[in-house]
Amino acid sequence: LSPRPTCFAMAATLLQSPTFPYSPFPIKVNLSTPHDEWPQNIQCWRKKPNSINGPYNRHNNSNYVVGGQNFYSSVTEPDYITPYDICFRGRRNRGSVGATLHGENKESRIHEIKRKPTNGSVLRPGMVLLKKFLSHDEQVEIVKVCRELGVGLGGFYLPLNPNGTPMQLRMMCLGRNWNPVTHKYGKMRPFDRTIPPSIPNNFSELVTRAIQEAQSLTKKKYRACNEKEVLPSMTPDICIVNFYRNSGKLGLHQDRDESKESLRKGLPVVSFSVGDSAYFLYGDERNAKKANSVALNSGDVLIFGGKSRHVFHGVPAIFPNSAPKELMKDSCLSPGRLNLTFRQF
Ligand SMILES: O=C(O)CCC(=O)C(=O)O
Ligand SMILES: [Fe+2]
């Protein structure tokens, strides 16, 4: 008799032991199981058990077919959930601002930075673009913090679209997990059961300041308006951090998975761009030909709330090598673009 089945059985036992978090074997998931209770090693699942192909087909031989539509097959892919470092060759950024977020100057660092007047414009009611709102040091700090959180538990991973194909970016959630397959928020990331890190206080302070700036521009533009009605304030409890490499992109979509109340009030999404520039589309329809476009450069902050809260938006392309050289040097950010969108659930 061949010894292989015994070895395989032993390996299977070992690999499925609690100390080995990601089983390389496919797992059956009954769709009636609530999503949060799925086994921790579920990384992705797809509808057609017979035709597993594409980038998730590492364990082709062990994929299975279970009759009927009730079961999806899953494929575990450690590569897609191993920590992803957004910094160049894994080097920590040597940020000119010095120490890490943990320490005495945690709260004060961003206040110490002298602000230049912001060059901003109201793109449409409720939608404001603040050019170069984030200073060099703030951007370095943002990269540093995102890098540290991104390589830790709940850090960057490769998310999937609802059809099972990988998105063209890496994602990390802060505050709450956003599930790109179900389009729902949850406390925990289902595939590895990690709880997203909290939003750092100094990020929230920047968001508050950006909203105030956008409201004052709104007031200047529409004199007779109540600027807080056109663009309400919000306190972020969610941040979705995306890292796009040069080939990264994001299709036209609406951000409408926050609470009904948040959406009804038009509480804004506040988006920070750091690194390479992006081509950003926005408009009233999911139609790139009819959309307006604007370049988002490193340090820009875009805010859309009020009547623009449901605007369709997307990133069709990144401009390679467009990040400020000084930022690349001081932050060691890998080529690509870091985007943070803050929301209130
Ligand atoms: O990268 C961007 O500028 C947009 C990101 C975005 O729309 C999102 O995360 O929902
Ligand atoms: Fe979005």
# chains A, B, ... in the order shown; residues from 1 in each chain; ligands from 1
call {"tool": "residues_near_ligand", "arguments": {"ligand": "ligand 1", "cutoff": "9 Å", "atoms": "only C-alpha atoms and all ligand atoms", "output": "ChimeraX atom specification"}}
result
/A:171,239-244,249-255,269,271-273,278-280,296,302,312-315,337-342
call {"tool": "residues_around", "arguments": {"residues": "segment 127-144 of chain A", "least_positions_apart": "4", "cutoff": "6 Å", "atoms": "only C-alpha atoms", "output": "list of chain:residue names"}}
result
A:Asn93, A:Gly95, A:Thr118, A:Asn119, A:Gly120, A:Ser121, A:Val122, A:Leu123, A:Ala214, A:Gly299, A:Asp300, A:Val301, A:Leu302, A:Ile303, A:Phe304, A:Ser308, A:Ser331
call {"tool": "atom_distance", "arguments": {"atom1": "atom CA of Ala317 of chain A", "atom2": "atom CA of Asn287 of chain A"}}
result
15.6 Å
call {"tool": "atom_distance", "arguments": {"atom1": "atom CA of Val230 of chain A", "atom2": "atom CA of Gly306 of chain A"}}
result
5.4 Å
call {"tool": "residues_around", "arguments": {"residues": "segment 197-201 of chain A", "least_positions_apart": "5", "cutoff": "8 Å", "atoms": "only C-alpha atoms", "output": "count of residues only"}}
result
9
call {"tool": "closest_residue", "arguments": {"among": "A:Val270, A:Asn297, A:Thr208, A:Val151", "to": "ligand 2", "atoms": "only C-alpha atoms and all ligand atoms"}}
result
A:Val270
call {"tool": "closest_residue", "arguments": {"among": "A:Lys307, A:Tyr84, A:Leu267, A:Gly275", "to": "Lys329 of chain A", "atoms": "only C-alpha atoms"}}
result
A:Gly275
call {"tool": "decode", "arguments": {"residues": "segment 188-200 of chain A", "atoms": "C-alpha atoms", "output": "PDB file, in the first residue's frame"}}
result
ATOM      1  CA  MET A 188     -15.422  41.695  12.476  1.00  0.00           C
ATOM      2  CA  ARG A 189     -13.741  40.710   9.240  1.00  0.00           C
ATOM      3  CA  PRO A 190     -15.325  37.335   8.542  1.00  0.00           C
ATOM      4  CA  PHE A 191     -12.489  35.517   6.780  1.00  0.00           C
ATOM      5  CA  ASP A 192      -9.928  35.888   9.556  1.00  0.00           C
ATOM      6  CA  ARG A 193     -12.126  37.110  12.406  1.00  0.00           C
ATOM      7  CA  THR A 194     -10.016  40.165  13.044  1.00  0.00           C
ATOM      8  CA  ILE A 195     -11.528  43.329  14.470  1.00  0.00           C
ATOM      9  CA  PRO A 196     -10.535  46.403  12.468  1.00  0.00           C
ATOM     10  CA  PRO A 197      -8.136  48.802  14.207  1.00  0.00           C
ATOM     11  CA  SER A 198      -9.645  52.086  15.435  1.00  0.00           C
ATOM     12  CA  ILE A 199      -9.340  55.324  13.551  1.00  0.00           C
ATOM     13  CA  PRO A 200      -6.372  57.262  14.988  1.00  0.00           C
TER      14      PRO A 200
END
